[in-house]
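See below for protein-v7.txt, which holds compact mmCIF, N, CA and C atoms.
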```txt
# COMPACT_ATOMS: atom_id res chain seq x y z
N MET A 20 -9.21 10.61 24.54
CA MET A 20 -9.20 9.95 23.25
C MET A 20 -10.62 9.59 22.85
N THR A 21 -10.98 9.93 21.61
CA THR A 21 -12.33 9.63 21.15
C THR A 21 -12.40 8.18 20.69
N ARG A 22 -13.61 7.74 20.52
CA ARG A 22 -13.82 6.36 20.09
C ARG A 22 -13.17 6.11 18.72
N ALA A 23 -13.28 7.08 17.80
CA ALA A 23 -12.68 6.92 16.47
C ALA A 23 -11.17 6.78 16.56
N GLU A 24 -10.55 7.50 17.48
CA GLU A 24 -9.11 7.41 17.63
C GLU A 24 -8.68 6.07 18.21
N ALA A 25 -9.55 5.44 18.97
CA ALA A 25 -9.21 4.19 19.62
C ALA A 25 -9.29 3.00 18.66
N GLN A 26 -10.01 3.15 17.56
CA GLN A 26 -10.16 2.05 16.62
C GLN A 26 -8.88 1.87 15.81
N PRO A 27 -8.47 0.62 15.61
CA PRO A 27 -7.26 0.38 14.82
C PRO A 27 -7.45 0.82 13.37
N LYS A 28 -6.38 1.24 12.76
CA LYS A 28 -6.37 1.60 11.34
C LYS A 28 -6.33 0.31 10.52
N THR A 29 -6.93 0.36 9.34
CA THR A 29 -6.97 -0.81 8.47
C THR A 29 -5.99 -0.63 7.32
N VAL A 30 -5.22 -1.67 7.04
CA VAL A 30 -4.27 -1.68 5.94
C VAL A 30 -4.63 -2.86 5.03
N LEU A 31 -4.76 -2.57 3.73
CA LEU A 31 -4.96 -3.62 2.73
C LEU A 31 -3.60 -3.94 2.12
N VAL A 32 -3.19 -5.20 2.21
CA VAL A 32 -1.92 -5.66 1.65
C VAL A 32 -2.23 -6.45 0.39
N VAL A 33 -1.64 -6.00 -0.74
CA VAL A 33 -1.91 -6.61 -2.04
C VAL A 33 -0.60 -7.07 -2.67
N ASP A 34 -0.47 -8.37 -2.84
CA ASP A 34 0.74 -8.94 -3.43
C ASP A 34 0.41 -10.34 -3.89
N ASP A 35 0.94 -10.76 -5.04
CA ASP A 35 0.68 -12.11 -5.52
C ASP A 35 1.52 -13.16 -4.79
N GLN A 36 2.52 -12.73 -4.04
CA GLN A 36 3.30 -13.66 -3.23
C GLN A 36 2.62 -13.81 -1.88
N ARG A 37 1.93 -14.92 -1.70
CA ARG A 37 1.14 -15.12 -0.49
C ARG A 37 1.99 -15.04 0.78
N ASP A 38 3.22 -15.54 0.72
CA ASP A 38 4.10 -15.45 1.88
C ASP A 38 4.38 -14.00 2.25
N MET A 39 4.54 -13.15 1.25
CA MET A 39 4.79 -11.73 1.49
C MET A 39 3.57 -11.08 2.15
N VAL A 40 2.39 -11.42 1.65
CA VAL A 40 1.16 -10.88 2.24
C VAL A 40 1.04 -11.31 3.69
N ARG A 41 1.26 -12.59 3.95
CA ARG A 41 1.13 -13.11 5.32
C ARG A 41 2.18 -12.50 6.24
N ALA A 42 3.43 -12.42 5.80
CA ALA A 42 4.49 -11.86 6.64
C ALA A 42 4.22 -10.39 6.94
N THR A 43 3.82 -9.65 5.93
CA THR A 43 3.51 -8.23 6.13
C THR A 43 2.30 -8.09 7.05
N GLY A 44 1.31 -8.95 6.86
CA GLY A 44 0.12 -8.92 7.71
C GLY A 44 0.44 -9.21 9.16
N ILE A 45 1.28 -10.20 9.40
CA ILE A 45 1.68 -10.53 10.78
C ILE A 45 2.40 -9.35 11.41
N PHE A 46 3.30 -8.73 10.66
CA PHE A 46 4.01 -7.56 11.17
C PHE A 46 3.02 -6.44 11.51
N LEU A 47 2.11 -6.14 10.58
CA LEU A 47 1.15 -5.04 10.79
C LEU A 47 0.22 -5.32 11.97
N GLU A 48 -0.25 -6.55 12.09
CA GLU A 48 -1.11 -6.90 13.22
C GLU A 48 -0.35 -6.71 14.53
N GLY A 49 0.92 -7.06 14.53
CA GLY A 49 1.75 -6.84 15.72
C GLY A 49 1.92 -5.37 16.06
N GLU A 50 1.77 -4.52 15.05
CA GLU A 50 1.86 -3.07 15.24
C GLU A 50 0.50 -2.46 15.58
N GLY A 51 -0.54 -3.30 15.63
CA GLY A 51 -1.86 -2.82 16.04
C GLY A 51 -2.81 -2.48 14.91
N TYR A 52 -2.48 -2.84 13.69
CA TYR A 52 -3.36 -2.55 12.55
C TYR A 52 -4.29 -3.72 12.28
N ASP A 53 -5.47 -3.43 11.75
CA ASP A 53 -6.32 -4.45 11.15
C ASP A 53 -5.81 -4.66 9.74
N VAL A 54 -5.81 -5.89 9.27
CA VAL A 54 -5.23 -6.19 7.96
C VAL A 54 -6.27 -6.88 7.08
N ALA A 55 -6.39 -6.38 5.85
CA ALA A 55 -7.16 -7.04 4.81
C ALA A 55 -6.15 -7.51 3.77
N GLU A 56 -6.47 -8.60 3.06
CA GLU A 56 -5.53 -9.19 2.11
C GLU A 56 -6.15 -9.34 0.74
N ALA A 57 -5.29 -9.18 -0.29
CA ALA A 57 -5.67 -9.48 -1.66
C ALA A 57 -4.41 -9.98 -2.36
N PHE A 58 -4.59 -10.83 -3.36
CA PHE A 58 -3.45 -11.47 -3.99
C PHE A 58 -3.25 -11.06 -5.45
N ASP A 59 -4.02 -10.10 -5.91
CA ASP A 59 -3.80 -9.44 -7.20
C ASP A 59 -4.68 -8.20 -7.24
N GLY A 60 -4.51 -7.41 -8.30
CA GLY A 60 -5.24 -6.15 -8.39
C GLY A 60 -6.75 -6.31 -8.48
N LEU A 61 -7.21 -7.31 -9.22
CA LEU A 61 -8.66 -7.51 -9.32
C LEU A 61 -9.27 -7.86 -7.97
N GLN A 62 -8.59 -8.72 -7.23
CA GLN A 62 -9.09 -9.08 -5.91
C GLN A 62 -9.06 -7.85 -4.98
N ALA A 63 -8.03 -7.02 -5.12
CA ALA A 63 -7.95 -5.80 -4.31
C ALA A 63 -9.14 -4.89 -4.59
N LEU A 64 -9.48 -4.72 -5.85
CA LEU A 64 -10.62 -3.86 -6.20
C LEU A 64 -11.93 -4.42 -5.65
N GLU A 65 -12.04 -5.75 -5.58
CA GLU A 65 -13.22 -6.37 -4.97
C GLU A 65 -13.27 -6.04 -3.47
N VAL A 66 -12.14 -6.17 -2.79
CA VAL A 66 -12.09 -5.84 -1.36
C VAL A 66 -12.44 -4.38 -1.16
N LEU A 67 -11.93 -3.52 -2.03
CA LEU A 67 -12.14 -2.08 -1.90
C LEU A 67 -13.58 -1.65 -2.15
N LYS A 68 -14.41 -2.53 -2.66
CA LYS A 68 -15.83 -2.24 -2.81
C LYS A 68 -16.51 -2.16 -1.45
N THR A 69 -15.98 -2.90 -0.46
CA THR A 69 -16.62 -2.95 0.85
C THR A 69 -15.76 -2.37 1.97
N VAL A 70 -14.47 -2.23 1.73
CA VAL A 70 -13.55 -1.72 2.75
C VAL A 70 -12.79 -0.53 2.17
N VAL A 71 -12.83 0.59 2.87
CA VAL A 71 -11.99 1.73 2.50
C VAL A 71 -10.90 1.82 3.57
N PRO A 72 -9.72 1.28 3.26
CA PRO A 72 -8.67 1.21 4.27
C PRO A 72 -7.99 2.56 4.50
N ASP A 73 -7.20 2.60 5.55
CA ASP A 73 -6.41 3.79 5.86
C ASP A 73 -5.13 3.81 5.05
N LEU A 74 -4.75 2.66 4.48
CA LEU A 74 -3.55 2.53 3.66
C LEU A 74 -3.68 1.28 2.81
N VAL A 75 -3.18 1.36 1.56
CA VAL A 75 -3.05 0.19 0.71
C VAL A 75 -1.56 0.00 0.45
N ILE A 76 -1.06 -1.19 0.75
CA ILE A 76 0.31 -1.57 0.41
C ILE A 76 0.18 -2.42 -0.85
N LEU A 77 0.75 -1.93 -1.96
CA LEU A 77 0.44 -2.46 -3.27
C LEU A 77 1.71 -2.88 -4.01
N ASP A 78 1.78 -4.16 -4.37
CA ASP A 78 2.86 -4.66 -5.22
C ASP A 78 2.62 -4.16 -6.64
N VAL A 79 3.67 -4.09 -7.44
CA VAL A 79 3.53 -3.64 -8.82
C VAL A 79 3.32 -4.83 -9.76
N MET A 80 4.21 -5.81 -9.70
CA MET A 80 4.15 -6.94 -10.64
C MET A 80 3.23 -8.04 -10.10
N MET A 81 2.02 -8.10 -10.68
CA MET A 81 1.04 -9.11 -10.28
C MET A 81 0.28 -9.58 -11.51
N PRO A 82 -0.23 -10.80 -11.47
CA PRO A 82 -1.05 -11.29 -12.59
C PRO A 82 -2.43 -10.63 -12.59
N ARG A 83 -3.12 -10.79 -13.68
CA ARG A 83 -4.49 -10.31 -13.90
C ARG A 83 -4.58 -8.80 -13.94
N LEU A 84 -4.17 -8.09 -12.91
CA LEU A 84 -4.19 -6.63 -12.90
C LEU A 84 -3.02 -6.18 -12.04
N ASP A 85 -2.04 -5.54 -12.66
CA ASP A 85 -0.84 -5.14 -11.92
C ASP A 85 -1.11 -3.94 -11.01
N GLY A 86 -0.11 -3.61 -10.21
CA GLY A 86 -0.27 -2.54 -9.24
C GLY A 86 -0.52 -1.18 -9.85
N CYS A 87 0.14 -0.88 -10.97
CA CYS A 87 -0.06 0.42 -11.62
C CYS A 87 -1.49 0.55 -12.12
N ALA A 88 -2.02 -0.50 -12.74
CA ALA A 88 -3.40 -0.47 -13.22
C ALA A 88 -4.38 -0.40 -12.05
N THR A 89 -4.05 -1.09 -10.97
CA THR A 89 -4.90 -1.04 -9.77
C THR A 89 -4.93 0.37 -9.21
N LEU A 90 -3.78 1.01 -9.12
CA LEU A 90 -3.72 2.39 -8.62
C LEU A 90 -4.50 3.33 -9.53
N ARG A 91 -4.40 3.14 -10.84
CA ARG A 91 -5.19 3.97 -11.77
C ARG A 91 -6.69 3.83 -11.49
N LYS A 92 -7.13 2.58 -11.29
CA LYS A 92 -8.55 2.34 -11.00
C LYS A 92 -8.95 3.01 -9.68
N MET A 93 -8.07 2.95 -8.68
CA MET A 93 -8.36 3.60 -7.41
C MET A 93 -8.50 5.10 -7.60
N GLN A 94 -7.64 5.69 -8.42
CA GLN A 94 -7.67 7.13 -8.65
C GLN A 94 -8.96 7.55 -9.36
N GLU A 95 -9.57 6.65 -10.11
CA GLU A 95 -10.82 6.94 -10.82
C GLU A 95 -12.04 6.89 -9.89
N ASP A 96 -11.90 6.26 -8.74
CA ASP A 96 -13.00 6.08 -7.79
C ASP A 96 -12.93 7.17 -6.72
N GLU A 97 -13.95 7.98 -6.67
CA GLU A 97 -13.97 9.11 -5.73
C GLU A 97 -13.78 8.66 -4.27
N ARG A 98 -14.32 7.49 -3.91
CA ARG A 98 -14.17 6.99 -2.54
C ARG A 98 -12.74 6.61 -2.21
N LEU A 99 -11.97 6.24 -3.23
CA LEU A 99 -10.63 5.69 -3.00
C LEU A 99 -9.50 6.65 -3.37
N ARG A 100 -9.83 7.73 -4.02
CA ARG A 100 -8.83 8.66 -4.54
C ARG A 100 -7.87 9.18 -3.47
N GLU A 101 -8.36 9.37 -2.26
CA GLU A 101 -7.54 9.94 -1.19
C GLU A 101 -6.89 8.88 -0.29
N VAL A 102 -7.13 7.60 -0.57
CA VAL A 102 -6.53 6.55 0.24
C VAL A 102 -5.03 6.50 -0.09
N PRO A 103 -4.18 6.63 0.92
CA PRO A 103 -2.74 6.55 0.65
C PRO A 103 -2.33 5.17 0.16
N VAL A 104 -1.38 5.16 -0.78
CA VAL A 104 -0.89 3.91 -1.35
C VAL A 104 0.63 3.87 -1.23
N LEU A 105 1.10 2.80 -0.59
CA LEU A 105 2.54 2.55 -0.52
C LEU A 105 2.83 1.44 -1.53
N MET A 106 3.58 1.78 -2.57
CA MET A 106 3.98 0.78 -3.55
C MET A 106 5.14 0.01 -2.93
N LEU A 107 4.98 -1.29 -2.77
CA LEU A 107 6.01 -2.16 -2.20
C LEU A 107 6.40 -3.16 -3.28
N THR A 108 7.60 -2.99 -3.86
CA THR A 108 7.95 -3.77 -5.03
C THR A 108 9.45 -3.98 -5.14
N ALA A 109 9.82 -4.99 -5.90
CA ALA A 109 11.24 -5.24 -6.17
C ALA A 109 11.77 -4.31 -7.26
N LEU A 110 10.89 -3.62 -7.97
CA LEU A 110 11.31 -2.68 -9.01
C LEU A 110 11.87 -1.42 -8.35
N ASN A 111 13.18 -1.21 -8.49
CA ASN A 111 13.77 -0.09 -7.77
C ASN A 111 14.55 0.87 -8.66
N GLU A 112 14.36 0.80 -9.95
CA GLU A 112 15.01 1.75 -10.85
C GLU A 112 14.31 3.11 -10.71
N PRO A 113 15.06 4.20 -10.88
CA PRO A 113 14.43 5.53 -10.79
C PRO A 113 13.21 5.70 -11.69
N SER A 114 13.23 5.09 -12.87
CA SER A 114 12.07 5.21 -13.77
C SER A 114 10.84 4.53 -13.17
N HIS A 115 11.02 3.41 -12.47
CA HIS A 115 9.89 2.72 -11.82
C HIS A 115 9.34 3.57 -10.68
N ILE A 116 10.23 4.13 -9.90
CA ILE A 116 9.80 4.98 -8.78
C ILE A 116 9.03 6.18 -9.31
N LYS A 117 9.55 6.80 -10.36
CA LYS A 117 8.88 7.97 -10.96
C LYS A 117 7.49 7.59 -11.46
N THR A 118 7.38 6.42 -12.10
CA THR A 118 6.07 5.98 -12.59
C THR A 118 5.08 5.86 -11.43
N GLY A 119 5.49 5.22 -10.34
CA GLY A 119 4.60 5.08 -9.19
C GLY A 119 4.18 6.42 -8.62
N ILE A 120 5.12 7.31 -8.49
CA ILE A 120 4.82 8.64 -7.95
C ILE A 120 3.90 9.40 -8.89
N ASP A 121 4.20 9.33 -10.19
CA ASP A 121 3.37 10.02 -11.18
C ASP A 121 1.93 9.49 -11.17
N LEU A 122 1.77 8.22 -10.87
CA LEU A 122 0.43 7.64 -10.80
C LEU A 122 -0.32 8.04 -9.53
N GLY A 123 0.41 8.57 -8.54
CA GLY A 123 -0.25 9.05 -7.33
C GLY A 123 0.02 8.25 -6.08
N CYS A 124 1.02 7.36 -6.11
CA CYS A 124 1.31 6.65 -4.86
C CYS A 124 1.88 7.63 -3.84
N THR A 125 1.65 7.34 -2.59
CA THR A 125 2.11 8.20 -1.50
C THR A 125 3.58 7.97 -1.21
N TRP A 126 4.00 6.71 -1.31
CA TRP A 126 5.39 6.37 -1.01
C TRP A 126 5.75 5.12 -1.79
N TYR A 127 7.03 4.94 -2.05
CA TYR A 127 7.53 3.81 -2.82
C TYR A 127 8.59 3.13 -1.97
N TYR A 128 8.41 1.86 -1.67
CA TYR A 128 9.33 1.11 -0.80
C TYR A 128 9.73 -0.16 -1.53
N THR A 129 11.02 -0.44 -1.57
CA THR A 129 11.46 -1.62 -2.31
C THR A 129 11.62 -2.83 -1.39
N LYS A 130 11.31 -4.00 -1.97
CA LYS A 130 11.51 -5.24 -1.25
C LYS A 130 12.74 -5.94 -1.78
N PRO A 131 13.30 -6.79 -1.01
CA PRO A 131 12.77 -7.30 0.26
C PRO A 131 12.89 -6.27 1.38
N ILE A 132 11.98 -6.38 2.32
CA ILE A 132 12.03 -5.51 3.49
C ILE A 132 13.16 -6.03 4.38
N THR A 133 14.15 -5.20 4.59
CA THR A 133 15.29 -5.62 5.41
C THR A 133 15.29 -4.92 6.77
N ASP A 134 14.57 -3.83 6.89
CA ASP A 134 14.53 -3.08 8.14
C ASP A 134 13.06 -2.83 8.50
N TYR A 135 12.49 -3.74 9.28
CA TYR A 135 11.08 -3.61 9.62
C TYR A 135 10.79 -2.40 10.52
N SER A 136 11.76 -1.94 11.28
CA SER A 136 11.52 -0.74 12.09
C SER A 136 11.36 0.47 11.18
N ASP A 137 12.16 0.57 10.12
CA ASP A 137 12.01 1.65 9.15
C ASP A 137 10.70 1.53 8.40
N PHE A 138 10.38 0.32 7.98
CA PHE A 138 9.13 0.07 7.27
C PHE A 138 7.93 0.47 8.14
N GLY A 139 7.97 0.08 9.40
CA GLY A 139 6.89 0.44 10.32
C GLY A 139 6.78 1.94 10.52
N LEU A 140 7.91 2.62 10.58
CA LEU A 140 7.91 4.08 10.73
C LEU A 140 7.27 4.74 9.51
N VAL A 141 7.62 4.28 8.32
CA VAL A 141 7.02 4.83 7.10
C VAL A 141 5.51 4.64 7.13
N ILE A 142 5.06 3.45 7.51
CA ILE A 142 3.62 3.17 7.56
C ILE A 142 2.93 4.08 8.58
N ARG A 143 3.52 4.20 9.77
CA ARG A 143 2.91 5.07 10.79
C ARG A 143 2.81 6.50 10.30
N ARG A 144 3.85 6.99 9.65
CA ARG A 144 3.84 8.37 9.15
C ARG A 144 2.78 8.56 8.06
N ILE A 145 2.65 7.58 7.17
CA ILE A 145 1.65 7.69 6.11
C ILE A 145 0.24 7.66 6.71
N VAL A 146 -0.03 6.69 7.57
CA VAL A 146 -1.36 6.52 8.15
C VAL A 146 -1.76 7.74 8.99
N SER A 147 -0.79 8.35 9.65
CA SER A 147 -1.09 9.52 10.47
C SER A 147 -1.12 10.81 9.67
N GLY A 148 -0.83 10.72 8.37
CA GLY A 148 -0.86 11.91 7.53
C GLY A 148 0.40 12.75 7.58
N LEU A 149 1.46 12.23 8.17
CA LEU A 149 2.69 13.00 8.31
C LEU A 149 3.64 12.88 7.13
N GLU A 150 3.50 11.83 6.36
CA GLU A 150 4.45 11.58 5.28
C GLU A 150 4.00 12.29 4.02
N ALA A 151 4.79 13.24 3.59
CA ALA A 151 4.51 13.93 2.33
C ALA A 151 4.98 13.05 1.17
N PRO A 152 4.31 13.15 0.03
CA PRO A 152 4.76 12.37 -1.12
C PRO A 152 6.19 12.76 -1.49
N PRO A 153 6.96 11.80 -1.97
CA PRO A 153 8.32 12.12 -2.39
C PRO A 153 8.30 12.99 -3.63
N GLU A 154 9.36 13.75 -3.80
CA GLU A 154 9.49 14.56 -5.00
C GLU A 154 9.72 13.63 -6.19
N PRO A 155 9.07 13.89 -7.32
CA PRO A 155 9.30 13.05 -8.49
C PRO A 155 10.76 13.15 -8.93
N LEU A 156 11.29 12.02 -9.36
CA LEU A 156 12.67 11.99 -9.88
C LEU A 156 12.65 12.41 -11.34
N VAL A 157 13.67 13.08 -11.75
CA VAL A 157 13.75 13.53 -13.14
C VAL A 157 14.65 12.61 -13.92
```
Take the structure in this file and express it as structure tokens.
Amino acid sequence: MTRAEAQPKTVLVVDDQRDMVRATGIFLEGEGYDVAEAFDGLQALEVLKTVVPDLVILDVMMPRLDGCATLRKMQEDERLREVPVLMLTALNEPSHIKTGIDLGCTWYYTKPITDYSDFGLVIRRIVSGLEAPPEPLV
């Protein structure tokens, strides 16, 4: 194993619900990830100026700058364009999922998280490059 492989992967968790950020962070740290936190899209973009994570877990409905606008800004930045984004949101209508996918998210997961083993599997697959983007819904 090389030194790069031994280093933990970094996940940025972005959600305006601080309890959600903390709970997700505790879970991820328990899975061996380094965790960065932001509580809205503007704060996430500030963090992303200095940290290029292996995954961004991004809520959609947030004040100041929502998740869709944050993802658009990430797509405009050459350094961030290839960073996988898991949209984690209570919005679960097919039109919401399609919007996230059309914007370039890697995966769309609805909250509340009821199965952390499934959630962890999705994260591991995305971070390792195994998870293909879902097919857009029509």
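Proximity ranking of A:Arg83, A:Leu61, A:Leu107, A:Thr118 relative to Val40 (chain A) places A:Leu107 first, based on only C-alpha atoms.
In this model, the gap between atom N of Val54 (chain A) and atom N of Asp96 (chain A) comes to 22.6 Å.
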Original post:
If I put a ball of radius 6.5 Å at (1.7, 3.0, 2.9) in the file's coordinates, which residues poke into it when counting only N, CA and C atoms, written as an NGL selection string?
Top reply: :A and (74-76 or 103-106 or 126 or 141-142 or 145-146)
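Taking the backbone of this structure through DSSP, the residues of region 60-141 of chain A that come out as strand (DSSP E or B) are A:Leu74, A:Val75, A:Ile76, A:Leu77, A:Val104, A:Leu105, A:Met106, A:Leu107, A:Thr108, A:Trp126, A:Tyr127, A:Tyr128, A:Thr129.
Shortest separation to Gly51 (chain A) among A:Glu95, A:Asp38, A:Pro27, A:Val71 occurs at residue A:Pro27, atoms counted being all atoms listed in the file.
Using only C-alpha atoms, the shortest contact distance between Leu99 (chain A) and any of A:Tyr127, A:Ile120, A:Ala63, A:Pro82 is found at A:Ala63.
Of note, atom N of Lys28 (chain A) and atom N of Asp53 (chain A) are spaced 4.9 Å apart.
In this comparison, which uses all atoms listed in the file, the residue of A:Ala109, A:Ser114, A:Ala55, A:Leu122 approaching Cys87 (chain A) most closely is A:Leu122.
Proximity ranking of A:Thr125, A:Leu84, A:Phe46, A:Leu77 relative to Gln62 (chain A) places A:Leu84 first, based on only C-alpha atoms.
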Subject >> Nearest-residue call for Val79 (chain A), choices A:Glu56, A:Asp34, A:Glu48, A:Glu97, using only C-alpha atoms >> reply: A:Asp34
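CA of Ala42 (chain A) sits 21.4 Å away from atom N of Glu65 (chain A).
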**OP:** Could you find all residues in chain A that DSSP calls helix (DSSP H, G or I) from the backbone, and write them as a ChimeraX atom specification?
**Re:** /A:22-25,37-49,60-67,86-95,113-122,135-146
